[in-house]
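Engineer: Here it is: the structure, laid out below.
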Amino acid sequence: MASIADFYAGKNILITGATGFMGKVLVEKLLRSCPDINALYILVRPKANQSPKDRIDNMLKSKLFSKLKEVSTDFQQKFVPISSDLMQPGLGLSTEDEDMLKAHIHVIFHCAATIRFDEPLKRALRLNVAATQELLGLAEHMPKLEAFIHISTAYAHCNHKHIEDVVYPSPVEPNILLSSLEWMDDSIVDDITLRLLADWPNTYTFTKALAESIVNQHGEKFNTAIVRPSIIVASWREPFPGWIDNLNGPSGVLVAAGKGVMRTMMADNNAVADIIPVDVVINLMLAAGWYTAVQRPQSTLVYNCTTGGVNPILWGDIERSVMSTFKQIPLDKAFRRPNANFTSSYLSNRFWNLFTHKVPALAYDTYLRLSGNEPMMMKLYKKLHKAAGLLEYFSVRQWSWSSKNLDMLKGQLSAEDQQNFNFDVGHLNWLEYMEKYCIGAKKYILNEDMADIPAAKQHLKKLRNICYTCNTLLLVFVWHIFIAQSQVANDLWSYMVSSSFA
Ligand SMILES: CCCCCCCCCCCCCCCCCCCCCC(=O)SCCNC(=O)CCNC(=O)[C@H](O)C(C)(C)COP(=O)(O)OP(=O)(O)OC[C@H]1O[C@@H](n2cnc3c(N)ncnc32)[C@H](O)[C@@H]1OP(=O)(O)O
Ligand SMILES: NC(=O)C1=CN([C@@H]2O[C@H](COP(=O)(O)OP(=O)(O)OC[C@H]3O[C@@H](n4cnc5c(N)ncnc54)[C@H](OP(=O)(O)O)[C@@H]3O)[C@@H](O)[C@H]2O)C=CC1
């Protein structure tokens with residue numbers, strides 16, 4: 001069998017969602033590890049007065065592409081930017097672009113989606129389901145097509161505790177739902193959304209489940225595969241450790257905890273946290289594209305791309321390693337010293353929310369108001385509490401996934417491909433990885449300079465002294481009131497003072 005890089009040589013690849021978190025890493029890896037690909041057809045929507053080409057040029061300015069720029073000088077010529085808004089009928093493609101895609105494409109990676117948990121159902125259906133259907137419809141007219149790889153999520157069927165690597169029956173026939181909601185007013189759809197979602201926690205996972213069944217239906221017409229990653233976080237090794245550029249999933253909480261803002265959240269310390277590095281997912285996607293095209297399996301193969309079954313890490317481990325890293329390598333200008341804890345108790349979380357989030361925020365906002373500035377902390381906490389509330393469904397529960405197809409695929413790879421497109425997380429050292437993840441968040445999300453770490457440490461010391469002073473004053477104040485109120489305490493205090501001077 002051809003190696004993975006040999007298979008992609010001379011191929012025209014269509015990618016949706018290339019400007020997103022995973023899409024960028026996919027583009028980088030394809031161009032670096034499969035340098036002989038013919039062209040990348042990138043479907044991008046025009047945004048903020050930027051053409052698709054401008055958007056790709058901007059994307060390439062990211063540090064992510066620095067290694068690629070060292071090894072290749074002509075990779076920019078491989079891009080074919082195509083204007084396409086997936087929310088529009090016909091994917092917003094011009095007739096010429098549609099014809100060009102039909103004539104040339106060999107492999108499709110469909111990454112685009114709305115990943116917001118609170119997306120209104122109609123919009124989530126339009127993008128995650130209807131656009132997938134339209135893309136599959138277009139793919140039917142591509143005579144050269146060898147593989148269609150659809151990116152789903154390991155939580156698409158989170159209504160099951162154990163998730164097999166099979167396509168589950170759709171909770172509702174996608175086309176019937178699409179056509180019945182089409183004529184409904186948005187407010188009516190909002191009213192019935194919770195009932196439609198049934199066992200699903202949000203519109204994101206629900207629509208990803210529907211999309212899978214549509215992909216599966218097309219599996220009879222051409223070669224399709226579904227990759228289901230769990231919670232995608234910073235890169236493990238490629239193109240360099242710790243790369244991450246967004247606050248989705250755990251990263252927002254990690255940054256907020258590092259800044260000393262987030263101090264409590266609901267999570268089960270003993271539950272497996274199924275996080276997976278982005279480069280591992282991309283390697284699996286490329287291997288899945290290769291296998292689907294070369295072996296042409298009879299049905300749609302599903303690859304659960306998770307870590308918990310092979311090399312588990314618990315939420316409690318994550319809490320400890322993040323806190324310890326941010327004490328050694330602090331973030332700049334922290335609001336308070338990083339000191340955050342997960343709790344599985346609702347009441348305890350409410351208590352700490354009040355005393356470690358809201359009370360300090362109120363005090364700081366009062367200080368800002370008095371000094372003539374705009375208050376901001378209560379607003380920030382409102383956003384954080386909303387985000388945490390949406391994420392908690394996943395941090396207080398635990399799932400397991402089958403990995404039969406992933407294990408089979410691993411077995412098909414040559415020793416060289418296993419090196420170059422590694423998706424075996426058995427050797428991942430979580431402690432080292434979490435440290436790189438925290439540093440990556442500091443450098444690439446917050447754009448902080450590592451040279452400023454001494455100043456950041458100094459700032460934490462200042463915060464510690466302020467904290468000790470405040471605590472001492474509070475203690476003296478409480479004690480004073482207590483003594484004033486209670487004769488027993490007063491007598492005790494006099495006894496202690498007199499015996500210490502006797
Ligand atoms: C305390 C102890 C700590 C210890 C140490 C901590 C270590 C790590 C801890 C791990 C904990 C467990 C996590 C379990 C995760 C499971 C996920 C499984 C998912 C399944 C996997 C998938 O298949 S994958 C798709 C995942 N899909 C998302 O993950 C999107 C979510 N997201 C939204 O659904 C929208 O984002 C939402 C939030 C509505 C706001 O919506 P919105 O309209 O109000 O506002 P925006 O989105 O515009 O964001 C407004 C501002 O919130 C900022 N922000 C956005 N997200 C944020 C976030 N997560 N945490 C903080 N801050 C966030 C943003 O940066 C803005 O900041 P600013 O205003 O300053 O610009
Ligand atoms: N991140 C994660 O933890 C996980 C993600 N996944 C899946 O991986 C895939 C990629 O996720 P991720 O990269 O994190 O998501 P991002 O939100 O970072 O990227 C989404 C991409 O979709 C594009 N897109 C959104 N709306 C449209 C539209 N109307 N027309 C054209 N393009 C559009 C975005 O383009 P634009 O730049 O124009 O906004 C962007 O390129 C998704 O299918 C997601 O479900 C699965 C498991 C976990």
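Starting from 1 in every chain, residues are counted up; chains themselves are A, B, ... following the order of the structure tokens, and ligands are numbered from 1 as listed.
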Apply DSSP to the structure's backbone, then extract all residues of segment 248-316 of chain A labelled helix (DSSP H, G or I) and return them as a PyMOL selection string.
Structural biologist: chain A and resi 250-258+278-295+315-316
Engineer: Within 6 Å of ligand 1 (counting only C-alpha atoms and all ligand atoms), which residues show up? I'd like them as a compact mmCIF listing (two decimals) with C-alpha atoms, in the first residue's frame.
Structural biologist:
# COMPACT_ATOMS: atom_id res chain seq x y z
CA ILE A 115 -19.40 24.66 17.83
CA ARG A 116 -21.35 27.05 20.09
CA PHE A 117 -23.39 25.22 22.68
CA ASP A 118 -26.03 27.95 22.74
CA THR A 153 -17.56 14.94 17.92
CA TYR A 155 -20.08 13.66 22.26
CA SER A 230 -13.25 14.27 22.19
CA ILE A 231 -12.22 17.61 23.75
CA LEU A 247 -10.71 29.78 24.41
CA ASN A 248 -13.08 26.98 23.49
CA GLY A 249 -13.70 24.04 25.80
CA PRO A 250 -11.26 23.84 28.73
CA GLY A 252 -11.15 29.45 28.58
CA VAL A 253 -11.34 28.01 32.09
CA LEU A 254 -7.60 27.32 32.13
CA ALA A 257 -7.98 30.12 36.44
CA MET A 262 -11.89 31.56 38.03
CA ARG A 263 -11.59 29.89 41.43
CA THR A 264 -14.34 27.29 41.44
CA MET A 265 -16.20 25.16 38.91
CA ILE A 318 -5.70 18.57 35.45
CA GLU A 319 -6.62 20.92 38.27
CA VAL A 322 -2.59 23.60 35.91
CA ALA A 340 -8.86 27.23 41.78
CA ASN A 341 -10.66 24.06 42.74
CA PHE A 342 -13.13 21.75 41.09
CA LYS A 383 -19.82 35.57 31.00
CA LEU A 384 -17.62 33.08 32.82
CA ALA A 387 -19.61 29.45 29.89
CA LEU A 391 -19.38 23.17 30.01
CA PHE A 394 -19.22 17.39 30.32
CA SER A 395 -17.05 17.79 33.44
Engineer: Might you pull out every residue within 12 Å of Val310 of chain A, with only C-alpha atoms counted and same-chain residues fewer than 2 positions away left off, and present them as a list of chain:residue names?
Structural biologist: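 Here the qualifying residues turn out to be A:Val272, A:Asp274, A:Ile276, A:Cys305, A:Thr306, A:Thr307, A:Gly308, A:Pro312, A:Ile313, A:Ser400, A:Trp401, A:Ser402, A:Ser403, A:Leu406, A:Asp407, A:Phe423, A:Asp424, A:Val425, A:Gly426, A:His427, A:Leu428.
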Engineer: Tell me, as a compact mmCIF listing (two decimals) with N, CA and C atoms, in the first residue's frame, which residues lie within 10 Å of Gln295 of chain A, counting only C-alpha atoms; anything in the same chain fewer than 3 positions away does not count.
Structural biologist:
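File out15.txt, as written:
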# COMPACT_ATOMS: atom_id res chain seq x y z
N MET A 1 0.84 -1.20 0.00
CA MET A 1 0.00 0.00 0.00
C MET A 1 0.88 1.26 0.00
N ASN A 223 -17.08 6.84 -0.82
CA ASN A 223 -16.37 6.45 0.41
C ASN A 223 -16.38 7.56 1.45
N TRP A 290 -6.59 8.55 3.90
CA TRP A 290 -5.76 7.60 3.13
C TRP A 290 -6.43 6.22 3.08
N TYR A 291 -6.82 5.71 4.27
CA TYR A 291 -7.37 4.36 4.34
C TYR A 291 -8.70 4.27 3.58
N THR A 292 -9.53 5.30 3.75
CA THR A 292 -10.85 5.29 3.10
C THR A 292 -10.68 5.24 1.58
N GLN A 298 -16.58 -0.99 2.80
CA GLN A 298 -17.95 -1.12 2.26
C GLN A 298 -18.92 -0.11 2.87
Engineer: Quick one, how far is atom CA of Leu26 of chain A from atom CA of His160 of chain A?
Structural biologist: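 Calculated distance between atom CA of Leu26 of chain A and atom CA of His160 of chain A is 29.5 Å.
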Engineer: Using only C-alpha atoms and all ligand atoms, what are the residues with an atom within 8 Å of ligand 2, set out as a ChimeraX atom specification?
Structural biologist: /A:16-24,43-47,84-88,91,110-116,127-128,150-155,204,208,228-233,246,248-249
Engineer: Go ahead and write the residues just picked, C-alpha atoms, as a PDB file, in the first residue's frame.
Structural biologist:
ATOM      1  CA  THR A  16     -14.144  23.447   4.882  1.00  0.00           C
ATOM      2  CA  GLY A  17     -13.473  25.245   8.165  1.00  0.00           C
ATOM      3  CA  ALA A  18      -9.797  25.786   7.258  1.00  0.00           C
ATOM      4  CA  THR A  19      -9.704  29.113   9.105  1.00  0.00           C
ATOM      5  CA  GLY A  20     -10.844  27.443  12.336  1.00  0.00           C
ATOM      6  CA  PHE A  21      -8.732  25.855  15.082  1.00  0.00           C
ATOM      7  CA  MET A  22      -8.538  22.369  13.585  1.00  0.00           C
ATOM      8  CA  GLY A  23      -8.631  23.500   9.982  1.00  0.00           C
ATOM      9  CA  LYS A  24      -5.439  25.527  10.375  1.00  0.00           C
ATOM     10  CA  LEU A  43     -13.916  27.114   1.158  1.00  0.00           C
ATOM     11  CA  VAL A  44     -13.903  30.408   3.082  1.00  0.00           C
ATOM     12  CA  ARG A  45     -16.641  32.906   3.688  1.00  0.00           C
ATOM     13  CA  PRO A  46     -15.802  36.543   3.090  1.00  0.00           C
ATOM     14  CA  LYS A  47     -15.709  38.325   6.463  1.00  0.00           C
ATOM     15  CA  SER A  84     -18.409  30.026   0.156  1.00  0.00           C
ATOM     16  CA  ASP A  85     -20.834  30.748   2.961  1.00  0.00           C
ATOM     17  CA  LEU A  86     -22.143  27.393   4.076  1.00  0.00           C
ATOM     18  CA  MET A  87     -25.286  29.007   5.521  1.00  0.00           C
ATOM     19  CA  GLN A  88     -26.367  30.021   2.024  1.00  0.00           C
ATOM     20  CA  LEU A  91     -23.163  26.751  -0.095  1.00  0.00           C
ATOM     21  CA  HIS A 110     -15.425  18.700   6.194  1.00  0.00           C
ATOM     22  CA  CYS A 111     -14.477  20.561   9.394  1.00  0.00           C
ATOM     23  CA  ALA A 112     -16.730  23.634   9.281  1.00  0.00           C
ATOM     24  CA  ALA A 113     -19.410  23.789  11.926  1.00  0.00           C
ATOM     25  CA  THR A 114     -20.845  25.986  14.594  1.00  0.00           C
ATOM     26  CA  ILE A 115     -19.400  24.659  17.832  1.00  0.00           C
ATOM     27  CA  ARG A 116     -21.346  27.053  20.093  1.00  0.00           C
ATOM     28  CA  LEU A 127     -24.787  24.863   9.283  1.00  0.00           C
ATOM     29  CA  ASN A 128     -24.125  21.496  10.897  1.00  0.00           C
ATOM     30  CA  HIS A 150     -16.546  14.227   8.085  1.00  0.00           C
ATOM     31  CA  ILE A 151     -15.473  15.672  11.439  1.00  0.00           C
ATOM     32  CA  SER A 152     -18.002  14.970  14.139  1.00  0.00           C
ATOM     33  CA  THR A 153     -17.562  14.943  17.920  1.00  0.00           C
ATOM     34  CA  ALA A 154     -17.109  12.114  20.424  1.00  0.00           C
ATOM     35  CA  TYR A 155     -20.079  13.662  22.261  1.00  0.00           C
ATOM     36  CA  TYR A 204     -24.344  21.461  19.039  1.00  0.00           C
ATOM     37  CA  LYS A 208     -23.719  16.727  15.089  1.00  0.00           C
ATOM     38  CA  ARG A 228     -15.101  11.766  16.324  1.00  0.00           C
ATOM     39  CA  PRO A 229     -12.569  13.642  18.488  1.00  0.00           C
ATOM     40  CA  SER A 230     -13.250  14.266  22.189  1.00  0.00           C
ATOM     41  CA  ILE A 231     -12.215  17.614  23.747  1.00  0.00           C
ATOM     42  CA  ILE A 232      -9.519  19.060  21.497  1.00  0.00           C
ATOM     43  CA  VAL A 233      -6.774  21.056  23.180  1.00  0.00           C
ATOM     44  CA  ASN A 246      -8.753  29.894  21.169  1.00  0.00           C
ATOM     45  CA  ASN A 248     -13.078  26.979  23.491  1.00  0.00           C
ATOM     46  CA  GLY A 249     -13.696  24.036  25.798  1.00  0.00           C
TER      47      GLY A 249
END
